[in-house]
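S.K.: Below you'll find run_25.txt; it's compact mmCIF, C-alpha atoms.
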```
# COMPACT_ATOMS: atom_id res chain seq x y z
CA MET Y 1 0.00 0.00 0.00
CA ARG Y 2 1.49 3.27 -1.11
CA VAL Y 3 -0.48 5.35 1.41
CA ILE Y 4 1.12 3.47 4.29
CA SER Y 5 4.62 3.78 2.89
CA GLU Y 6 4.13 7.53 2.31
CA PHE Y 7 3.04 7.79 5.93
CA THR Y 8 5.73 5.65 7.55
CA LYS Y 9 8.65 7.11 5.61
CA GLY Y 10 8.44 10.16 7.89
CA PHE Y 11 9.37 8.06 10.91
CA TRP Y 12 12.68 6.66 9.73
CA LYS Y 13 13.64 6.84 6.07
CA ASP Y 14 12.91 10.55 5.61
CA ILE Y 15 12.59 11.63 9.24
CA PRO Y 16 13.11 15.38 9.58
CA PRO Y 17 15.35 17.03 10.59
CA PHE Y 18 17.78 14.10 10.61
CA ARG Y 19 17.21 12.63 7.15
CA LEU Y 20 15.69 15.63 5.44
CA VAL Y 21 18.08 18.16 6.89
CA LEU Y 22 15.45 20.91 6.74
CA GLY Y 23 13.82 22.99 9.44
CA LEU Y 24 16.96 23.15 11.56
CA CYS Y 25 16.19 26.62 12.89
CA PRO Y 26 13.27 25.68 15.18
CA THR Y 27 14.91 22.33 15.87
CA LEU Y 28 17.91 24.01 17.41
CA ALA Y 29 16.13 26.96 18.98
CA VAL Y 30 13.09 25.58 20.80
CA THR Y 31 14.33 22.18 21.94
CA SER Y 32 15.71 23.38 25.27
CA ALA Y 33 12.71 21.82 27.09
CA ALA Y 34 10.63 18.77 26.19
CA LYS Y 35 7.35 20.64 26.42
CA ASN Y 36 8.47 23.27 23.91
CA GLY Y 37 9.76 20.62 21.53
CA LEU Y 38 6.49 18.72 21.62
CA GLY Y 39 4.40 21.88 21.23
CA MET Y 40 6.48 23.17 18.34
CA GLY Y 41 6.41 19.76 16.67
CA LEU Y 42 2.63 19.44 16.90
CA ALA Y 43 2.07 22.99 15.68
CA THR Y 44 4.35 22.39 12.70
CA ALA Y 45 2.71 19.02 11.99
CA PHE Y 46 -0.72 20.64 11.96
CA VAL Y 47 0.37 23.33 9.52
CA LEU Y 48 2.15 20.74 7.38
CA VAL Y 49 -0.89 18.45 7.10
CA CYS Y 50 -3.24 21.35 6.30
CA SER Y 51 -0.94 22.94 3.75
CA ASN Y 52 -0.17 19.61 2.07
CA VAL Y 53 -3.84 18.75 1.72
CA ILE Y 54 -4.95 22.11 0.40
CA ILE Y 55 -1.99 22.56 -1.94
CA SER Y 56 -2.50 19.08 -3.35
CA PHE Y 57 -6.19 19.85 -3.75
CA LEU Y 58 -5.44 23.05 -5.65
CA ARG Y 59 -2.43 21.71 -7.58
CA LYS Y 60 -4.25 21.71 -10.94
CA ILE Y 61 -5.80 25.15 -10.39
CA ILE Y 62 -2.72 27.07 -9.28
CA PRO Y 63 -0.54 27.86 -12.30
CA SER Y 64 3.15 27.11 -11.81
CA GLU Y 65 4.13 30.78 -12.33
CA VAL Y 66 2.42 31.91 -9.15
CA ARG Y 67 2.72 28.69 -7.16
CA ILE Y 68 5.30 29.82 -4.61
CA ALA Y 69 3.34 33.00 -3.83
CA SER Y 70 0.13 30.98 -3.42
CA TYR Y 71 1.82 28.34 -1.24
CA ILE Y 72 3.26 30.98 1.04
CA VAL Y 73 -0.14 32.70 1.40
CA LEU Y 74 -1.79 29.37 2.28
CA ILE Y 75 0.96 28.32 4.70
CA ALA Y 76 1.00 31.73 6.36
CA SER Y 77 -2.79 31.59 6.82
CA PHE Y 78 -2.56 28.23 8.58
CA VAL Y 79 0.22 29.55 10.78
CA VAL Y 80 -1.89 32.54 11.82
CA ILE Y 81 -4.75 30.15 12.61
CA VAL Y 82 -2.41 28.06 14.77
CA GLU Y 83 -1.18 31.22 16.47
CA LEU Y 84 -4.69 32.47 17.25
CA VAL Y 85 -5.87 29.06 18.46
CA THR Y 86 -2.89 28.45 20.75
CA GLN Y 87 -3.27 31.97 22.07
CA ALA Y 88 -6.96 31.37 22.80
CA TYR Y 89 -6.76 27.87 24.29
CA PHE Y 90 -3.13 27.22 25.34
CA TYR Y 91 -1.93 30.62 26.50
CA THR Y 92 1.09 29.41 28.48
CA LEU Y 93 2.36 27.37 25.52
CA TYR Y 94 1.80 30.41 23.30
CA GLU Y 95 3.90 32.54 25.64
CA GLN Y 96 6.68 29.97 25.70
CA LEU Y 97 6.83 29.39 21.96
CA GLY Y 98 6.60 33.15 21.41
CA ILE Y 99 8.25 34.16 18.17
CA PHE Y 100 8.64 30.58 16.95
CA ILE Y 101 5.00 30.15 15.99
CA PRO Y 102 5.10 32.94 13.38
CA LEU Y 103 8.41 31.47 12.22
CA ILE Y 104 6.69 28.21 11.18
CA VAL Y 105 5.91 30.09 7.95
CA VAL Y 106 9.55 30.02 6.96
CA ASN Y 107 10.17 26.44 8.10
CA CYS Y 108 11.69 24.90 4.97
CA ILE Y 109 10.06 21.53 5.65
CA ILE Y 110 6.61 22.90 4.92
CA LEU Y 111 7.41 24.70 1.67
CA GLY Y 112 9.73 21.82 0.81
CA ARG Y 113 6.96 19.22 1.11
CA ALA Y 114 4.53 21.48 -0.76
CA GLU Y 115 6.95 21.90 -3.65
CA ALA Y 116 8.43 18.40 -3.71
CA PHE Y 117 5.38 16.30 -2.86
CA ALA Y 118 1.97 17.93 -2.52
CA SER Y 119 2.15 19.78 -5.84
CA LYS Y 120 2.71 16.49 -7.67
CA ASN Y 121 0.61 13.95 -5.76
CA SER Y 122 -3.03 13.33 -4.96
CA VAL Y 123 -4.75 14.59 -1.81
CA ILE Y 124 -4.69 11.27 0.04
CA TYR Y 125 -0.96 10.69 -0.50
CA SER Y 126 -0.21 14.30 0.42
CA PHE Y 127 -2.18 13.90 3.62
CA ALA Y 128 -0.24 10.73 4.50
CA ASP Y 129 3.04 12.43 3.63
CA GLY Y 130 2.22 15.52 5.70
CA LEU Y 131 1.07 13.49 8.70
CA GLY Y 132 4.09 11.17 8.58
CA ILE Y 133 6.68 13.90 8.12
CA GLY Y 134 4.91 16.10 10.69
CA LEU Y 135 4.77 13.39 13.34
CA GLY Y 136 8.34 12.38 12.54
CA PHE Y 137 9.37 15.99 13.11
CA THR Y 138 7.42 16.03 16.39
CA ILE Y 139 9.14 12.85 17.58
CA SER Y 140 12.58 14.15 16.62
CA LEU Y 141 11.99 17.46 18.39
CA THR Y 142 10.62 15.77 21.51
CA VAL Y 143 13.50 13.27 21.70
CA LEU Y 144 16.12 15.96 21.16
CA ALA Y 145 14.42 18.28 23.64
CA SER Y 146 14.07 15.52 26.24
CA ILE Y 147 17.78 14.67 26.08
CA ARG Y 148 18.70 18.33 26.39
CA GLU Y 149 16.25 18.98 29.20
CA ILE Y 150 17.08 15.85 31.23
CA LEU Y 151 20.86 16.33 31.06
CA GLY Y 152 20.93 20.10 30.74
CA SER Y 153 18.38 21.07 33.38
CA GLY Y 154 17.84 17.83 35.29
CA THR Y 155 14.11 17.92 34.57
CA PHE Y 156 11.69 16.20 32.19
CA PHE Y 157 8.53 18.09 31.18
CA GLY Y 158 9.33 20.36 34.12
CA MET Y 159 9.53 17.55 36.70
CA SER Y 160 12.77 16.97 38.55
CA VAL Y 161 14.50 13.75 37.45
CA PHE Y 162 17.72 13.44 39.42
CA GLY Y 163 16.84 15.38 42.56
CA LYS Y 164 18.61 18.36 44.04
CA SER Y 165 22.12 16.86 44.14
CA TYR Y 166 22.39 16.73 40.33
CA LEU Y 167 24.54 19.46 38.86
CA PRO Y 168 22.97 20.17 35.45
CA PHE Y 169 25.13 20.12 32.35
CA SER Y 170 23.75 23.48 31.30
CA PHE Y 171 25.88 23.64 28.15
CA LEU Y 172 23.29 21.39 26.50
CA VAL Y 173 20.53 23.94 26.99
CA ILE Y 174 22.28 26.64 24.95
CA ALA Y 175 22.54 26.67 21.15
CA PRO Y 176 25.95 24.96 20.72
CA GLY Y 177 24.65 22.13 22.91
CA ALA Y 178 21.77 21.74 20.48
CA PHE Y 179 24.16 21.27 17.54
CA ILE Y 180 26.22 18.69 19.42
CA CYS Y 181 23.14 16.82 20.59
CA LEU Y 182 21.76 16.80 17.03
CA GLY Y 183 25.09 15.52 15.70
CA VAL Y 184 25.29 12.73 18.26
CA LEU Y 185 21.73 11.61 17.49
CA LEU Y 186 22.49 11.65 13.75
CA ALA Y 187 25.61 9.54 14.37
CA VAL Y 188 23.60 7.02 16.41
CA MET Y 189 21.01 6.84 13.63
CA ASN Y 190 23.75 6.18 11.08
CA VAL Y 191 25.08 3.29 13.16
CA PHE Y 192 21.66 1.63 13.07
CA LYS Y 193 21.16 2.34 9.38
CA LYS Y 194 24.04 0.04 8.42
CA MET Q 195 -1.65 39.78 -21.55
CA ARG Q 196 -4.31 37.12 -21.14
CA ASN Q 197 -1.92 35.06 -19.10
CA ILE Q 198 -1.19 37.93 -16.72
CA ILE Q 199 -4.90 38.44 -16.06
CA LYS Q 200 -5.38 34.73 -15.44
CA LEU Q 201 -2.41 34.51 -13.09
CA SER Q 202 -3.31 37.59 -11.08
CA SER Q 203 -6.97 36.66 -10.78
CA ILE Q 204 -6.08 33.19 -9.43
CA LEU Q 205 -3.62 34.65 -6.95
CA THR Q 206 -6.21 37.23 -5.90
CA LEU Q 207 -8.75 34.46 -5.39
CA VAL Q 208 -6.34 32.45 -3.25
CA THR Q 209 -5.51 35.43 -1.06
CA ALA Q 210 -9.17 36.45 -0.78
CA ILE Q 211 -10.19 33.00 0.46
CA ALA Q 212 -7.28 32.98 2.89
CA ALA Q 213 -8.29 36.41 4.21
CA LEU Q 214 -11.88 35.28 4.65
CA ALA Q 215 -10.83 32.18 6.61
CA LEU Q 216 -8.57 34.27 8.83
CA ALA Q 217 -11.31 36.76 9.52
CA GLY Q 218 -13.57 33.89 10.61
CA VAL Q 219 -11.00 32.38 12.98
CA ASN Q 220 -10.24 35.81 14.38
CA THR Q 221 -13.90 36.43 15.18
CA ILE Q 222 -14.13 33.16 17.11
CA THR Q 223 -10.86 33.46 19.04
CA LYS Q 224 -10.86 37.19 19.79
CA PRO Q 225 -13.00 37.12 22.96
CA LEU Q 226 -11.13 34.05 24.21
CA ILE Q 227 -7.77 35.70 23.66
CA GLU Q 228 -8.89 38.84 25.47
CA GLU Q 229 -10.04 36.73 28.41
CA GLN Q 230 -6.68 34.91 28.48
CA MET Q 231 -4.83 38.23 28.45
CA ARG Q 232 -6.99 39.56 31.26
CA LEU Q 233 -6.23 36.45 33.30
CA ALA Q 234 -2.53 36.82 32.58
CA VAL Q 235 -2.64 40.42 33.81
CA HIS Q 236 -4.55 39.33 36.91
CA ASN Q 237 -2.00 36.61 37.74
CA ALA Q 238 0.84 39.03 37.13
CA LEU Q 239 -0.77 41.49 39.56
CA LEU Q 240 -0.90 38.87 42.29
CA GLU Q 241 2.68 37.94 41.63
CA VAL Q 242 4.11 41.46 41.78
CA LEU Q 243 1.93 42.55 44.72
CA PRO Q 244 1.50 39.60 47.09
CA GLU Q 245 -0.02 41.99 49.63
CA ALA Q 246 -3.08 42.33 47.42
CA SER Q 247 -3.79 38.60 47.29
CA GLY Q 248 -6.51 38.79 49.95
CA GLY Q 249 -7.82 42.06 48.60
CA VAL Q 250 -8.68 43.64 45.32
CA CYS Q 251 -6.98 45.48 42.50
CA VAL Q 252 -8.78 48.42 40.93
CA ASP Q 253 -7.96 49.55 37.43
CA VAL Q 254 -7.45 53.33 37.59
CA GLY Q 255 -5.40 53.87 34.44
CA GLU Q 256 -6.34 56.26 31.68
CA LYS Q 257 -6.11 53.28 29.37
CA LYS Q 258 -7.41 49.91 30.51
CA GLY Q 259 -4.89 47.68 32.25
CA GLU Q 260 -2.16 50.29 32.67
CA LEU Q 261 -2.37 51.37 36.32
CA PHE Q 262 -3.85 49.61 39.33
CA GLU Q 263 -4.50 50.47 42.94
CA ALA Q 264 -4.11 47.49 45.22
CA TYR Q 265 -6.03 47.14 48.48
CA SER Q 266 -5.31 44.64 51.20
CA SER Q 267 -9.01 43.93 51.80
CA PRO Q 268 -11.86 43.30 49.35
CA ASP Q 269 -13.86 46.44 50.30
CA THR Q 270 -11.24 48.87 48.91
CA THR Q 271 -9.93 49.98 52.29
CA GLY Q 272 -6.30 49.85 53.27
CA LEU Q 273 -4.39 50.99 50.19
CA ALA Q 274 -1.46 48.59 49.96
CA GLY Q 275 0.31 49.65 46.82
CA PHE Q 276 0.20 50.21 43.11
CA ALA Q 277 0.95 48.26 40.00
CA PHE Q 278 1.66 49.67 36.58
CA LYS Q 279 2.61 48.43 33.16
CA ALA Q 280 5.92 49.59 31.75
CA TYR Q 281 6.88 49.46 28.08
CA GLY Q 282 10.47 49.40 26.89
CA LYS Q 283 11.90 49.08 23.39
CA GLY Q 284 14.21 46.10 23.54
CA TYR Q 285 16.41 44.56 20.88
CA SER Q 286 13.68 42.95 18.81
CA SER Q 287 10.41 43.68 20.61
CA THR Q 288 8.65 46.04 22.94
CA ILE Q 289 8.99 44.48 26.36
CA GLU Q 290 5.95 44.79 28.63
CA THR Q 291 6.53 44.56 32.34
CA MET Q 292 4.10 44.59 35.24
CA VAL Q 293 5.61 46.43 38.19
CA GLY Q 294 4.34 46.24 41.77
CA LEU Q 295 5.07 49.16 44.11
CA ASP Q 296 4.52 49.87 47.77
CA LEU Q 297 3.34 53.29 48.92
CA ASN Q 298 6.92 54.60 49.16
CA GLY Q 299 7.71 53.86 45.53
CA ASN Q 300 9.77 50.76 46.28
CA ILE Q 301 9.43 47.85 43.88
CA LYS Q 302 7.73 44.81 45.40
CA GLY Q 303 8.12 42.65 42.34
CA ILE Q 304 8.15 42.74 38.58
CA LYS Q 305 6.94 40.34 35.95
CA ILE Q 306 7.62 40.40 32.22
CA LEU Q 307 4.28 40.11 30.45
CA PHE Q 308 5.50 40.11 26.88
CA GLN Q 309 8.84 39.91 25.12
CA GLN Q 310 10.17 38.52 21.88
CA GLU Q 311 13.85 39.11 22.48
CA THR Q 312 16.60 36.95 20.97
CA PRO Q 313 16.18 33.42 22.34
CA GLY Q 314 19.17 32.51 24.49
CA LEU Q 315 20.29 36.12 25.01
CA GLY Q 316 17.61 38.76 25.56
CA SER Q 317 15.05 36.11 26.46
CA LYS Q 318 17.08 35.51 29.64
CA ILE Q 319 15.16 38.37 31.24
CA GLU Q 320 12.71 35.53 31.94
CA GLU Q 321 15.29 32.82 32.63
CA ILE Q 322 14.74 30.70 35.72
CA LYS Q 323 17.93 29.11 36.98
CA TYR Q 324 18.00 25.46 37.94
CA GLY Q 325 16.57 24.78 41.38
CA LYS Q 326 15.02 28.26 41.62
CA SER Q 327 11.38 29.08 41.20
CA LYS Q 328 11.68 32.68 40.05
CA PRO Q 329 13.63 34.39 37.27
CA TRP Q 330 16.87 35.79 38.71
CA PHE Q 331 16.95 38.92 36.56
CA GLN Q 332 13.50 40.05 37.73
CA GLU Q 333 14.18 39.11 41.36
CA GLN Q 334 16.93 41.75 41.49
CA PHE Q 335 14.35 44.52 41.35
CA LYS Q 336 12.75 43.60 44.66
CA ASN Q 337 12.89 46.40 47.25
CA LYS Q 338 14.74 48.78 44.94
CA ASN Q 339 13.47 52.32 44.59
CA ALA Q 340 11.65 52.61 41.29
CA GLU Q 341 12.89 56.14 40.70
CA ARG Q 342 16.57 55.26 40.91
CA VAL Q 343 16.65 51.79 39.42
CA ALA Q 344 19.39 51.38 36.77
CA VAL Q 345 21.63 48.69 35.29
CA ASP Q 346 25.26 48.28 36.40
CA LYS Q 347 26.57 49.83 33.17
CA ASP Q 348 24.65 52.99 34.08
CA ASP Q 349 26.07 52.86 37.64
CA GLY Q 350 22.97 51.18 39.01
CA GLU Q 351 22.44 48.06 41.06
CA ILE Q 352 20.77 45.82 38.49
CA LYS Q 353 23.17 43.25 37.09
CA SER Q 354 22.58 43.19 33.34
CA ILE Q 355 22.53 39.98 31.34
CA THR Q 356 25.76 39.10 29.54
CA GLY Q 357 25.27 39.70 25.82
CA ALA Q 358 21.90 41.33 26.31
CA THR Q 359 22.57 44.82 27.62
CA ILE Q 360 19.88 46.29 25.37
CA SER Q 361 17.16 44.01 26.75
CA SER Q 362 18.33 44.47 30.35
CA ARG Q 363 18.45 48.22 29.95
CA ALA Q 364 15.07 48.31 28.21
CA VAL Q 365 13.34 46.64 31.17
CA THR Q 366 15.15 48.72 33.77
CA ASN Q 367 14.73 52.07 32.05
CA SER Q 368 11.08 51.41 31.19
CA ILE Q 369 10.37 50.88 34.89
CA ARG Q 370 12.19 54.05 35.93
CA ASN Q 371 10.61 56.20 33.22
CA GLY Q 372 7.19 54.66 33.72
CA PHE Q 373 7.35 55.40 37.43
CA LYS Q 374 8.41 59.00 36.86
CA LYS Q 375 5.44 59.47 34.58
CA ILE Q 376 2.86 58.21 37.08
CA LYS Q 377 4.52 59.58 40.23
CA PRO Q 378 2.42 62.79 40.49
CA ARG Q 379 -0.75 60.75 40.19
CA LEU Q 380 0.32 58.29 42.85
CA GLU Q 381 1.13 61.11 45.25
CA LYS Q 382 -2.30 62.59 44.67
CA ILE Q 383 -3.97 59.25 45.34
CA ILE Q 384 -1.99 58.71 48.55
CA LYS Q 385 -2.85 62.24 49.75
CA GLY Q 386 -6.54 61.60 49.08
CA GLU Q 387 -6.31 58.38 51.06
CA GLN Q 388 -4.89 60.14 54.14
CA LYS Q 389 -7.68 62.73 54.36
```
Any chance you could give the structure as structure tokens?
M.R.:
Amino acid sequence: MRVISEFTKGFWKDIPPFRLVLGLCPTLAVTSAAKNGLGMGLATAFVLVCSNVIISFLRKIIPSEVRIASYIVLIASFVVIVELVTQAYFYTLYEQLGIFIPLIVVNCIILGRAEAFASKNSVIYSFADGLGIGLGFTISLTVLASIREILGSGTFFGMSVFGKSYLPFSFLVIAPGAFICLGVLLAVMNVFKK
Amino acid sequence: MRNIIKLSSILTLVTAIAALALAGVNTITKPLIEEQMRLAVHNALLEVLPEASGGVCVDVGEKKGELFEAYSSPDTTGLAGFAFKAYGKGYSSTIETMVGLDLNGNIKGIKILFQQETPGLGSKIEEIKYGKSKPWFQEQFKNKNAERVAVDKDDGEIKSITGATISSRAVTNSIRNGFKKIKPRLEKIIKGEQK
């Protein structure tokens, strides 16, 4: 079944940001705490699924000359919807993600999937692709953020893990720590790939 | 020529539909967002003025949500302090801070309500260090006189954040300037209370 393979490729074969090295900016910036990573991942996944479906739906109507402009308008609209909804229902998450929600617009994964997949495939495959890649991105961000939060702050989703005697390795919480953590995870993935 | 008309009309259609959808979502979420913001302001008030927790805060600002009188009991007797909102232009955003004051103009607590400063640098104005429950930068303001508060680079007592002098200064100066602006009004209110 092609639908299933388009869905599952997002979890290992094409998992962002490790396999599709796109969308590194939010990956590095918001993954200092597990909660932020999960929230950012889900928000991005939602935008990705919506934009993939609608762009695939309109792929025969939108002429190729104005496609990028149309995609950006559609993606930006979904991002604003996400921003308004998180602000209305999940205010604390909205405050924590702050500037990163508007920045989903320029996440290369979303425009990348629109251009490389949704504009060439049918709605159902684009939905599967968006959901798979989106959830893969969520998992990656949550794993990366958990490692950084547990070792870097000694907490997991805000709860203390090691108790008061643990001296946190706070280097992992800052940006260079994010690069190193990402590199180590990529190396581990490459070991298993062989 | 024909092609241009076709292209622009399709693009116009796409943007029009997008605008319509956004308008719809905005109508639904607007009251909810306002309620959330009101709650956030309320919680911030309690945080910066713990004395008012058993009492009531009255909005007395010229604009809504800018200046509050805080009373230690629910029937607006026993003026305990004031709270005001300060705005400072930071590095990449206008930082909004709620400031709690006692009757002598000393800061009881501050809380950043909004900021979009550089993550990892300016955003540290809200950083909570491991094992602590409150952000260290904001804790420094406690019991300092609002009229004289300044960062260390301006010979003040507030330790600015390494690599984020602009953000640190924005918060500090907005509090000092904001206080100077409302000082005459506060004095009038206190005088009225003593009569």
S.K.: One decimal, Å: what's the distance from CA of Gly316 (chain Q) over to CA of Ser146 (chain Y), could you say?
M.R.: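 Interatomic distance here is 23.5 Å.
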S.K.: Find the residues of chain Q in contact range of chain Y, meaning any atom within 9 Å when counting only C-alpha atoms, and list them as a PyMOL selection string.
M.R.: chain Q and resi 200-202+204-205+208-209+212-213+215-216+219-220+223-231+234+307-311+313-314+323-325
S.K.: I want to know what sits within 12 Å of Arg113 (chain Y), based on all atoms listed in the file, with residues of the same chain fewer than 5 positions away left out; could you give that as number ranges by chain?
M.R.: Y: 10, 14, 16, 20, 22-23, 45, 47-53, 55-56, 71, 75, 107-108, 118-121, 125-134
S.K.: Between CA of Asn298 (chain Q) and CA of Glu241 (chain Q), what distance in Å does the model show, to one decimal?
M.R.: 18.8 Å
S.K.: How many Å separate CA of Val235 (chain Q) from CA of Leu38 (chain Y)?
M.R.: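 Between CA of Val235 (chain Q) and CA of Leu38 (chain Y) the gap is 26.5 Å.
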S.K.: Could you give me the axis-aligned bounding box of region 254-271 of chain Q, with 4 Å of padding per side, as centre plus edge lengths in Å to one decimal, as AutoDock Vina command-line options?
M.R.:
```
--center_x -8.0 --center_y 49.8 --center_z 40.8 --size_x 19.7 --size_y 21.0 --size_z 30.9
```
S.K.: Please provide the set of residues having any atom within 12 Å of Ile322 (chain Q), restricted to only C-alpha atoms, with same-chain residues fewer than 3 positions apart removed, written as a PDB file with C-alpha atoms, keeping the file's coordinate frame.
M.R.:
```
ATOM      1  CA  SER Y 153      18.380  21.070  33.380  1.00  0.00           C
ATOM      2  CA  GLY Y 158       9.330  20.360  34.120  1.00  0.00           C
TER       3      GLY Y 158
ATOM      4  CA  SER Q 317      15.050  36.110  26.460  1.00  0.00           C
ATOM      5  CA  LYS Q 318      17.080  35.510  29.640  1.00  0.00           C
ATOM      6  CA  ILE Q 319      15.160  38.370  31.240  1.00  0.00           C
ATOM      7  CA  GLY Q 325      16.570  24.780  41.380  1.00  0.00           C
ATOM      8  CA  LYS Q 326      15.020  28.260  41.620  1.00  0.00           C
ATOM      9  CA  SER Q 327      11.380  29.080  41.200  1.00  0.00           C
ATOM     10  CA  LYS Q 328      11.680  32.680  40.050  1.00  0.00           C
ATOM     11  CA  PRO Q 329      13.630  34.390  37.270  1.00  0.00           C
ATOM     12  CA  TRP Q 330      16.870  35.790  38.710  1.00  0.00           C
ATOM     13  CA  PHE Q 331      16.950  38.920  36.560  1.00  0.00           C
ATOM     14  CA  GLN Q 332      13.500  40.050  37.730  1.00  0.00           C
ATOM     15  CA  GLU Q 333      14.180  39.110  41.360  1.00  0.00           C
TER      16      GLU Q 333
END
```
S.K.: Which of these residues is nearest to Gly255 (chain Q), using only C-alpha atoms: Q:Ile306, Q:Asn371, Q:Thr359, Q:Phe276?
M.R.: Q:Phe276
S.K.: Which residues, written as a ChimeraX atom specification, have at least one atom at most 9 Å from Lys377 (chain Q), with only C-alpha atoms counted and residues fewer than 5 positions away on the same chain left out?
M.R.: /Q:299,372,382
S.K.: I'd like to know which of Y:Arg2, Y:Thr8, Y:Arg59, Y:Phe192 is closest to Ala116 (chain Y), using all atoms listed in the file.
M.R.: Y:Arg59
S.K.: Mind listing as a PyMOL selection string all residues within 9 Å of (13.0, 48.3, 27.5), counting only C-alpha atoms?
M.R.: chain Q and resi 280-285+287-291+360-369
S.K.: Once you have the residues from the selection above, write them out as a compact mmCIF listing (two decimals), in the frame of the given file, restricted to C-alpha atoms.
M.R.:
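Wrote selection-v3.txt, looks like this:
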```
# COMPACT_ATOMS: atom_id res chain seq x y z
CA ALA Q 280 5.92 49.59 31.75
CA TYR Q 281 6.88 49.46 28.08
CA GLY Q 282 10.47 49.40 26.89
CA LYS Q 283 11.90 49.08 23.39
CA GLY Q 284 14.21 46.10 23.54
CA TYR Q 285 16.41 44.56 20.88
CA SER Q 287 10.41 43.68 20.61
CA THR Q 288 8.65 46.04 22.94
CA ILE Q 289 8.99 44.48 26.36
CA GLU Q 290 5.95 44.79 28.63
CA THR Q 291 6.53 44.56 32.34
CA ILE Q 360 19.88 46.29 25.37
CA SER Q 361 17.16 44.01 26.75
CA SER Q 362 18.33 44.47 30.35
CA ARG Q 363 18.45 48.22 29.95
CA ALA Q 364 15.07 48.31 28.21
CA VAL Q 365 13.34 46.64 31.17
CA THR Q 366 15.15 48.72 33.77
CA ASN Q 367 14.73 52.07 32.05
CA SER Q 368 11.08 51.41 31.19
CA ILE Q 369 10.37 50.88 34.89
```
